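A short worksheet on the structure shown next.
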Amino acid sequence: LKNLDKAFSEMPIETITVDAILQWQAKRRGEAAVKSIKLERDILSQILDMAVEDGAIPSNPINSKQLKKTLRINRSGLPLALTYDEVSALLKAIEKQQGLLGRQIYLAALVALFGGLRRGELCYLTHLDIVGNNLIIQSKEVSAEESNDPDVRKGGIWLPKGNRPRVVDLPQKIADKILALKKNTGRFIFGGKHVYHKDYITGEFEKLLHPINPKLSLHCLRHTFVTWRIEHGISGRGDNLVRVQQAAGHADIQTTMRYAHIQLSPDKDILGFF
């Protein structure tokens with residue numbers, strides 16, 4: 001942010017043109033890696049988007065074709081999200097193997113794709129954690145009879161990563177489907193009275209994902225969630241990075257910004273499958 005402030009803070013917003021950004025990029029290329037410059041430009045783009053919404057400028061210059069051709073990123077090290085076609089293939093595989101995860105595999109896929117839950121968060125999700133259109137990820141007391149996890153049994157409590165609670169807002173149609181599908185067979189959405197082991201849930205999804213792409217795993221559904229929120233989000237126009245960071249539970253916005261380089265399919269929204 002210091003580099004952006006140094007370069008643009010004294011400039012009226014309407015003078016931040018394609019040429020001005022290109023000049024800044026050229027200067028930064030001698031100072032930093034392409035990945036770092038791209039992250040800085042993504043932040044600048046968020047600022048310019050807000051200026052467009054406020055009517056200060058007619059359009060965001062970073063969306064120009066001239067700029068999009070610059071700062072090519074090596075995508076080999078980016079988080080692996082499912083493509084639009086892979087999401088379609090996953091749903092077809094679920095139709096054929098509906099008995100997986102105690103016949104709750106479709107529900108688990110919905111929660112993972114549109115809630116972005118880590119596998120431990122899936123395991124310990126309770127009926128009380130679903131309130132209206134929101135999933136609430138929070139710590140909770142867990143008895144020794146409810147979990148085989150030695151750390152949870154020892155402390156009597158389950159904690160989300162970093163002990164950071166969060167609330168994830170869901171699209172209305174997905175919230176309605178989740179409420180219709182969940183069965184009150186016990187405290188936990190998946191497992192009922194006893195928490196499923198994380199490896200069991202992982203293995204059930206591997207049966208579906210590996211025939212599609214051997215590189216895919218359950219965690220890739222979380223990557224897909226973050227990417228979808230950036231590209232489309234609840235509004236259909238994409239969410240700003242701070243909001244995505246909060247929904248994903250990332251401690252550092254730099255983690256969230258890595259996903260800005262992934263594209264599921266900008267012209268196709270996976271929400272249309274449901």
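Ligands are numbered from 1 in the order shown, residues from 1 within each chain, and chains are lettered A, B, ... in the order they appear in the structure tokens.
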
- If you run DSSP on this backbone, which residues of stretch 102-273 of chain A come out as alpha helix (DSSP H), and could you give them as a PyMOL selection string? chain A and resi 102-103+105-115+119-123+150-155+172-181+198-209+219-231+241-248+253-257

- Determine which residues of stretch 1-215 of chain A receive a DSSP assignment of strand (DSSP E), computed from the backbone, and state them as a ChimeraX atom specification. /A:130-131,134-137,140-141,157-158,166-169

Selected residues written out with N, CA and C atoms, as a PDB file, in the first residue's frame:
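Output file out_7.pdb follows:
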```pdb
ATOM      1  N   ILE A 130     -26.338 -22.737  11.386  1.00  0.00           N
ATOM      2  CA  ILE A 130     -27.050 -22.277  10.187  1.00  0.00           C
ATOM      3  C   ILE A 130     -28.204 -21.395  10.636  1.00  0.00           C
ATOM      4  N   VAL A 131     -28.075 -20.110  10.366  1.00  0.00           N
ATOM      5  CA  VAL A 131     -29.084 -19.135  10.789  1.00  0.00           C
ATOM      6  C   VAL A 131     -29.520 -18.329   9.567  1.00  0.00           C
ATOM      7  N   ASN A 134     -27.115 -17.505   6.614  1.00  0.00           N
ATOM      8  CA  ASN A 134     -25.732 -17.437   7.091  1.00  0.00           C
ATOM      9  C   ASN A 134     -25.242 -18.759   7.667  1.00  0.00           C
ATOM     10  N   LEU A 135     -23.972 -19.035   7.398  1.00  0.00           N
ATOM     11  CA  LEU A 135     -23.247 -20.096   8.095  1.00  0.00           C
ATOM     12  C   LEU A 135     -22.351 -19.420   9.119  1.00  0.00           C
ATOM     13  N   ILE A 136     -22.400 -19.879  10.346  1.00  0.00           N
ATOM     14  CA  ILE A 136     -21.584 -19.293  11.408  1.00  0.00           C
ATOM     15  C   ILE A 136     -20.488 -20.279  11.784  1.00  0.00           C
ATOM     16  N   ILE A 137     -19.250 -19.882  11.573  1.00  0.00           N
ATOM     17  CA  ILE A 137     -18.105 -20.711  11.923  1.00  0.00           C
ATOM     18  C   ILE A 137     -17.583 -20.205  13.261  1.00  0.00           C
ATOM     19  N   LYS A 140     -16.842 -24.281  19.709  1.00  0.00           N
ATOM     20  CA  LYS A 140     -17.956 -24.922  20.412  1.00  0.00           C
ATOM     21  C   LYS A 140     -17.447 -26.018  21.326  1.00  0.00           C
ATOM     22  N   GLU A 141     -18.140 -26.220  22.410  1.00  0.00           N
ATOM     23  CA  GLU A 141     -17.812 -27.309  23.313  1.00  0.00           C
ATOM     24  C   GLU A 141     -18.214 -28.632  22.670  1.00  0.00           C
ATOM     25  N   ILE A 157     -13.175 -28.752  23.516  1.00  0.00           N
ATOM     26  CA  ILE A 157     -13.647 -27.648  22.669  1.00  0.00           C
ATOM     27  C   ILE A 157     -13.027 -27.771  21.285  1.00  0.00           C
ATOM     28  N   TRP A 158     -13.825 -27.408  20.270  1.00  0.00           N
ATOM     29  CA  TRP A 158     -13.293 -27.330  18.904  1.00  0.00           C
ATOM     30  C   TRP A 158     -13.153 -25.864  18.537  1.00  0.00           C
ATOM     31  N   ARG A 166     -16.299 -16.505  12.082  1.00  0.00           N
ATOM     32  CA  ARG A 166     -16.726 -15.708  10.934  1.00  0.00           C
ATOM     33  C   ARG A 166     -18.152 -16.095  10.553  1.00  0.00           C
ATOM     34  N   VAL A 167     -18.772 -15.234   9.774  1.00  0.00           N
ATOM     35  CA  VAL A 167     -20.111 -15.484   9.253  1.00  0.00           C
ATOM     36  C   VAL A 167     -20.021 -15.450   7.732  1.00  0.00           C
ATOM     37  N   VAL A 168     -20.559 -16.465   7.092  1.00  0.00           N
ATOM     38  CA  VAL A 168     -20.550 -16.536   5.631  1.00  0.00           C
ATOM     39  C   VAL A 168     -21.983 -16.396   5.130  1.00  0.00           C
ATOM     40  N   ASP A 169     -22.233 -15.366   4.326  1.00  0.00           N
ATOM     41  CA  ASP A 169     -23.560 -15.187   3.755  1.00  0.00           C
ATOM     42  C   ASP A 169     -23.708 -16.047   2.514  1.00  0.00           C
TER      43      ASP A 169
END
```

- Spatial neighbours of A:Asp239, 9 Å, only C-alpha atoms, chain gap at least 6 places, as a list in words: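 Final neighbour list, sorted by chain and number: Arg229, Ile230, Glu231, His232 and Gly233 of chain A.
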
Write the residues you've just listed into a file as a short mmCIF file (atom, residue, chain, number, x, y, z; two decimals), in the first residue's frame, and include all heavy atoms for each of them.
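Ended up saving to part.cif:
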```cif
data_model
loop_
_atom_site.label_atom_id
_atom_site.label_comp_id
_atom_site.auth_asym_id
_atom_site.auth_seq_id
_atom_site.Cartn_x
_atom_site.Cartn_y
_atom_site.Cartn_z
N ARG A 229 -16.50 -16.01 -5.31
CA ARG A 229 -16.89 -14.77 -4.63
C ARG A 229 -16.25 -13.56 -5.31
O ARG A 229 -16.85 -12.50 -5.41
CB ARG A 229 -16.50 -14.81 -3.15
CG ARG A 229 -17.26 -15.80 -2.29
CD ARG A 229 -18.71 -15.44 -2.06
NE ARG A 229 -18.93 -14.21 -1.38
CZ ARG A 229 -19.63 -14.07 -0.24
NH1 ARG A 229 -20.16 -15.13 0.35
NH2 ARG A 229 -19.84 -12.89 0.30
N ILE A 230 -15.02 -13.71 -5.76
CA ILE A 230 -14.33 -12.61 -6.43
C ILE A 230 -14.93 -12.35 -7.81
O ILE A 230 -15.16 -11.20 -8.21
CB ILE A 230 -12.82 -12.89 -6.53
CG1 ILE A 230 -12.18 -12.89 -5.13
CG2 ILE A 230 -12.13 -11.85 -7.42
CD1 ILE A 230 -10.73 -13.34 -5.10
N GLU A 231 -15.22 -13.42 -8.55
CA GLU A 231 -15.71 -13.26 -9.93
C GLU A 231 -17.18 -12.89 -9.99
O GLU A 231 -17.60 -12.08 -10.83
CB GLU A 231 -15.49 -14.56 -10.71
CG GLU A 231 -14.07 -14.80 -11.16
CD GLU A 231 -13.97 -15.93 -12.16
OE1 GLU A 231 -14.98 -16.62 -12.40
OE2 GLU A 231 -12.88 -16.13 -12.70
N HIS A 232 -18.00 -13.51 -9.15
CA HIS A 232 -19.46 -13.34 -9.25
C HIS A 232 -20.08 -12.90 -7.92
O HIS A 232 -20.76 -11.89 -7.87
CB HIS A 232 -20.11 -14.65 -9.72
CG HIS A 232 -19.68 -15.07 -11.09
ND1 HIS A 232 -20.15 -14.46 -12.23
CD2 HIS A 232 -18.78 -16.01 -11.50
CE1 HIS A 232 -19.58 -15.03 -13.29
NE2 HIS A 232 -18.75 -15.95 -12.87
N GLY A 233 -19.87 -13.68 -6.86
CA GLY A 233 -20.39 -13.32 -5.55
C GLY A 233 -21.90 -13.33 -5.47
O GLY A 233 -22.60 -13.72 -6.40
#
```

- Task: Name the closest residue to A:Gly272 among the candidates A:Gly249, A:Pro171, A:Gly120, A:Gly191; distances are taken between atoms, counting only C-alpha atoms.
- Result: A:Pro171

- Message: Please list as a count of residues only every residue within 12 Å of A:Gly115, counting only C-alpha atoms and excluding residues in the same chain fewer than 2 positions away.
- Response: 44

- Query: With only C-alpha atoms as the basis for distance, which of A:Asn3, A:Ser88, A:Ser59, A:Ala81 is at the shortest distance from A:Ser36?
  - Reply: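 Closest to A:Ser36, using only C-alpha atoms: A:Asn3.
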
- Task: Would you mind telling me which residue in A:Thr256, A:Ser147, A:Ser217, A:Gln66 lies nearest to A:Asp42 when using only C-alpha atoms?
- Result: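 Answer, going by the shortest atom-to-atom distance: A:Thr256.
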
- Message: Would you pick out the contacts of A:Lys2 at 12 Å or less, using only C-alpha atoms, so that residues sharing its chain but fewer than 4 positions from it are not included, and give the list as number ranges by chain?
- Response: A: 6-9, 40, 43-44

Write out the residues from the selection above, keeping all heavy atoms, as a PDB file, in the first residue's frame.
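Below you can see selection_1.pdb, which holds the result:
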```pdb
ATOM      1  N   LYS A   6       2.479   6.299  -2.540  1.00  0.00           N
ATOM      2  CA  LYS A   6       3.554   7.143  -3.060  1.00  0.00           C
ATOM      3  C   LYS A   6       3.309   7.530  -4.517  1.00  0.00           C
ATOM      4  O   LYS A   6       3.577   8.669  -4.932  1.00  0.00           O
ATOM      5  CB  LYS A   6       4.886   6.406  -2.932  1.00  0.00           C
ATOM      6  CG  LYS A   6       6.092   7.196  -3.400  1.00  0.00           C
ATOM      7  CD  LYS A   6       7.364   6.373  -3.204  1.00  0.00           C
ATOM      8  CE  LYS A   6       8.590   7.123  -3.713  1.00  0.00           C
ATOM      9  NZ  LYS A   6       9.839   6.313  -3.543  1.00  0.00           N
ATOM     10  N   ALA A   7       2.771   6.586  -5.290  1.00  0.00           N
ATOM     11  CA  ALA A   7       2.601   6.829  -6.724  1.00  0.00           C
ATOM     12  C   ALA A   7       1.346   7.624  -7.067  1.00  0.00           C
ATOM     13  O   ALA A   7       1.354   8.435  -8.000  1.00  0.00           O
ATOM     14  CB  ALA A   7       2.572   5.488  -7.455  1.00  0.00           C
ATOM     15  N   PHE A   8       0.247   7.405  -6.316  1.00  0.00           N
ATOM     16  CA  PHE A   8      -1.034   7.934  -6.766  1.00  0.00           C
ATOM     17  C   PHE A   8      -1.753   8.868  -5.791  1.00  0.00           C
ATOM     18  O   PHE A   8      -2.754   9.486  -6.172  1.00  0.00           O
ATOM     19  CB  PHE A   8      -1.978   6.770  -7.105  1.00  0.00           C
ATOM     20  CG  PHE A   8      -1.491   5.905  -8.231  1.00  0.00           C
ATOM     21  CD1 PHE A   8      -0.988   4.634  -7.980  1.00  0.00           C
ATOM     22  CD2 PHE A   8      -1.525   6.361  -9.540  1.00  0.00           C
ATOM     23  CE1 PHE A   8      -0.541   3.836  -9.019  1.00  0.00           C
ATOM     24  CE2 PHE A   8      -1.084   5.565 -10.588  1.00  0.00           C
ATOM     25  CZ  PHE A   8      -0.580   4.297 -10.330  1.00  0.00           C
ATOM     26  N   SER A   9      -1.288   8.974  -4.561  1.00  0.00           N
ATOM     27  CA  SER A   9      -2.045   9.740  -3.570  1.00  0.00           C
ATOM     28  C   SER A   9      -2.187  11.219  -3.920  1.00  0.00           C
ATOM     29  O   SER A   9      -3.166  11.869  -3.540  1.00  0.00           O
ATOM     30  CB  SER A   9      -1.409   9.588  -2.184  1.00  0.00           C
ATOM     31  OG  SER A   9      -0.099  10.145  -2.176  1.00  0.00           O
ATOM     32  N   GLU A  40      -0.556  -5.275  -6.137  1.00  0.00           N
ATOM     33  CA  GLU A  40      -0.750  -3.841  -5.903  1.00  0.00           C
ATOM     34  C   GLU A  40      -1.774  -3.278  -6.881  1.00  0.00           C
ATOM     35  O   GLU A  40      -2.628  -2.461  -6.519  1.00  0.00           O
ATOM     36  CB  GLU A  40       0.581  -3.099  -6.043  1.00  0.00           C
ATOM     37  CG  GLU A  40       1.592  -3.444  -4.948  1.00  0.00           C
ATOM     38  CD  GLU A  40       2.971  -2.872  -5.207  1.00  0.00           C
ATOM     39  OE1 GLU A  40       3.149  -2.170  -6.229  1.00  0.00           O
ATOM     40  OE2 GLU A  40       3.869  -3.140  -4.401  1.00  0.00           O
ATOM     41  N   ILE A  43      -5.318  -4.013  -5.851  1.00  0.00           N
ATOM     42  CA  ILE A  43      -5.821  -3.097  -4.818  1.00  0.00           C
ATOM     43  C   ILE A  43      -6.246  -1.775  -5.461  1.00  0.00           C
ATOM     44  O   ILE A  43      -7.305  -1.225  -5.151  1.00  0.00           O
ATOM     45  CB  ILE A  43      -4.743  -2.846  -3.744  1.00  0.00           C
ATOM     46  CG1 ILE A  43      -4.441  -4.130  -2.976  1.00  0.00           C
ATOM     47  CG2 ILE A  43      -5.196  -1.756  -2.779  1.00  0.00           C
ATOM     48  CD1 ILE A  43      -3.300  -3.994  -1.986  1.00  0.00           C
ATOM     49  N   LEU A  44      -5.403  -1.261  -6.370  1.00  0.00           N
ATOM     50  CA  LEU A  44      -5.736  -0.024  -7.072  1.00  0.00           C
ATOM     51  C   LEU A  44      -7.042  -0.189  -7.846  1.00  0.00           C
ATOM     52  O   LEU A  44      -7.882   0.729  -7.879  1.00  0.00           O
ATOM     53  CB  LEU A  44      -4.597   0.356  -8.026  1.00  0.00           C
ATOM     54  CG  LEU A  44      -4.817   1.604  -8.883  1.00  0.00           C
ATOM     55  CD1 LEU A  44      -5.009   2.838  -8.003  1.00  0.00           C
ATOM     56  CD2 LEU A  44      -3.627   1.808  -9.833  1.00  0.00           C
TER      57      LEU A  44
END
```

Residues of stretch 88-150 of chain A that have any atom at most 10 Å from an atom of stretch 206-214 of chain A: could you tabulate them with the shortest-distance atom pair and the distance in Å to one decimal, using only C-alpha atoms, ordered by chain and increasing number, as CSV?
```
residue,atom,partner,partner_atom,distance
A:Ala89,CA,A:Ile212,CA,7.0
A:Leu90,CA,A:Leu208,CA,6.5
A:Leu91,CA,A:Leu208,CA,9.1
A:Lys92,CA,A:Leu208,CA,9.4
A:Ala93,CA,A:Leu208,CA,6.0
A:Ile94,CA,A:Leu208,CA,7.1
A:Lys96,CA,A:Leu208,CA,9.6
A:Gln97,CA,A:Leu208,CA,8.1
A:Leu100,CA,A:Lys207,CA,9.0
A:Ile105,CA,A:Leu208,CA,9.8
```

Output the selection as a CSV table (one decimal), in the first residue's frame - C-alpha atoms for each residue.
```
chain,number,residue,atom,x,y,z
A,89,ALA,CA,-18.8,-33.0,-13.8
A,90,LEU,CA,-18.8,-33.1,-10.0
A,91,LEU,CA,-22.6,-32.6,-9.9
A,92,LYS,CA,-23.1,-35.4,-12.4
A,93,ALA,CA,-20.9,-37.7,-10.4
A,94,ILE,CA,-22.9,-36.9,-7.2
A,96,LYS,CA,-24.6,-41.3,-9.7
A,97,GLN,CA,-23.1,-41.7,-6.2
A,100,LEU,CA,-21.7,-41.2,-0.3
A,105,ILE,CA,-22.6,-35.8,-0.3
```

- Task: Calculate how many Å separate atom CA of A:Arg258 from atom CA of A:Glu14, rounding to one decimal.
- Result: 27.9 Å

- Message: Quick one: residues within 9 Å of A:Arg28, only C-alpha atoms, excluding same-chain residues fewer than 5 positions away - as JSON, numbers by chain?
- Response: {"A": [3, 23, 33, 34, 37]}

Can those selected residues be exported to a file as a PDB file, in the first residue's frame so that it contains N, CA and C atoms?
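Output contents, as saved in result.pdb:
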```pdb
ATOM      1  N   ASN A   3       3.591   1.764  -1.625  1.00  0.00           N
ATOM      2  CA  ASN A   3       3.995   2.047  -3.007  1.00  0.00           C
ATOM      3  C   ASN A   3       2.862   2.700  -3.791  1.00  0.00           C
ATOM      4  N   GLN A  23       2.951   3.672 -16.867  1.00  0.00           N
ATOM      5  CA  GLN A  23       4.207   4.299 -16.426  1.00  0.00           C
ATOM      6  C   GLN A  23       4.594   3.816 -15.031  1.00  0.00           C
ATOM      7  N   ALA A  33       8.828  -7.942  -8.055  1.00  0.00           N
ATOM      8  CA  ALA A  33       8.416  -9.057  -8.908  1.00  0.00           C
ATOM      9  C   ALA A  33       7.046  -8.772  -9.528  1.00  0.00           C
ATOM     10  N   VAL A  34       6.777  -9.412 -10.656  1.00  0.00           N
ATOM     11  CA  VAL A  34       5.505  -9.218 -11.356  1.00  0.00           C
ATOM     12  C   VAL A  34       4.328  -9.547 -10.445  1.00  0.00           C
ATOM     13  N   ILE A  37       3.619  -6.675  -8.105  1.00  0.00           N
ATOM     14  CA  ILE A  37       3.030  -5.531  -8.810  1.00  0.00           C
ATOM     15  C   ILE A  37       1.575  -5.812  -9.149  1.00  0.00           C
TER      16      ILE A  37
END
```

- Proximity to A:Ile57 - best of A:Cys123, A:Ile270, A:Ile16, A:Leu179, only C-alpha atoms: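 Ranking A:Cys123, A:Ile270, A:Ile16, A:Leu179 by distance to A:Ile57, first place goes to A:Ile16.
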
- Message: Which residue is closest to A:Gly192? Choose from A:Thr126, A:Thr255, A:Leu218, A:Lys35 and count only C-alpha atoms.
- Response: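 The closest residue to A:Gly192 is A:Thr126.
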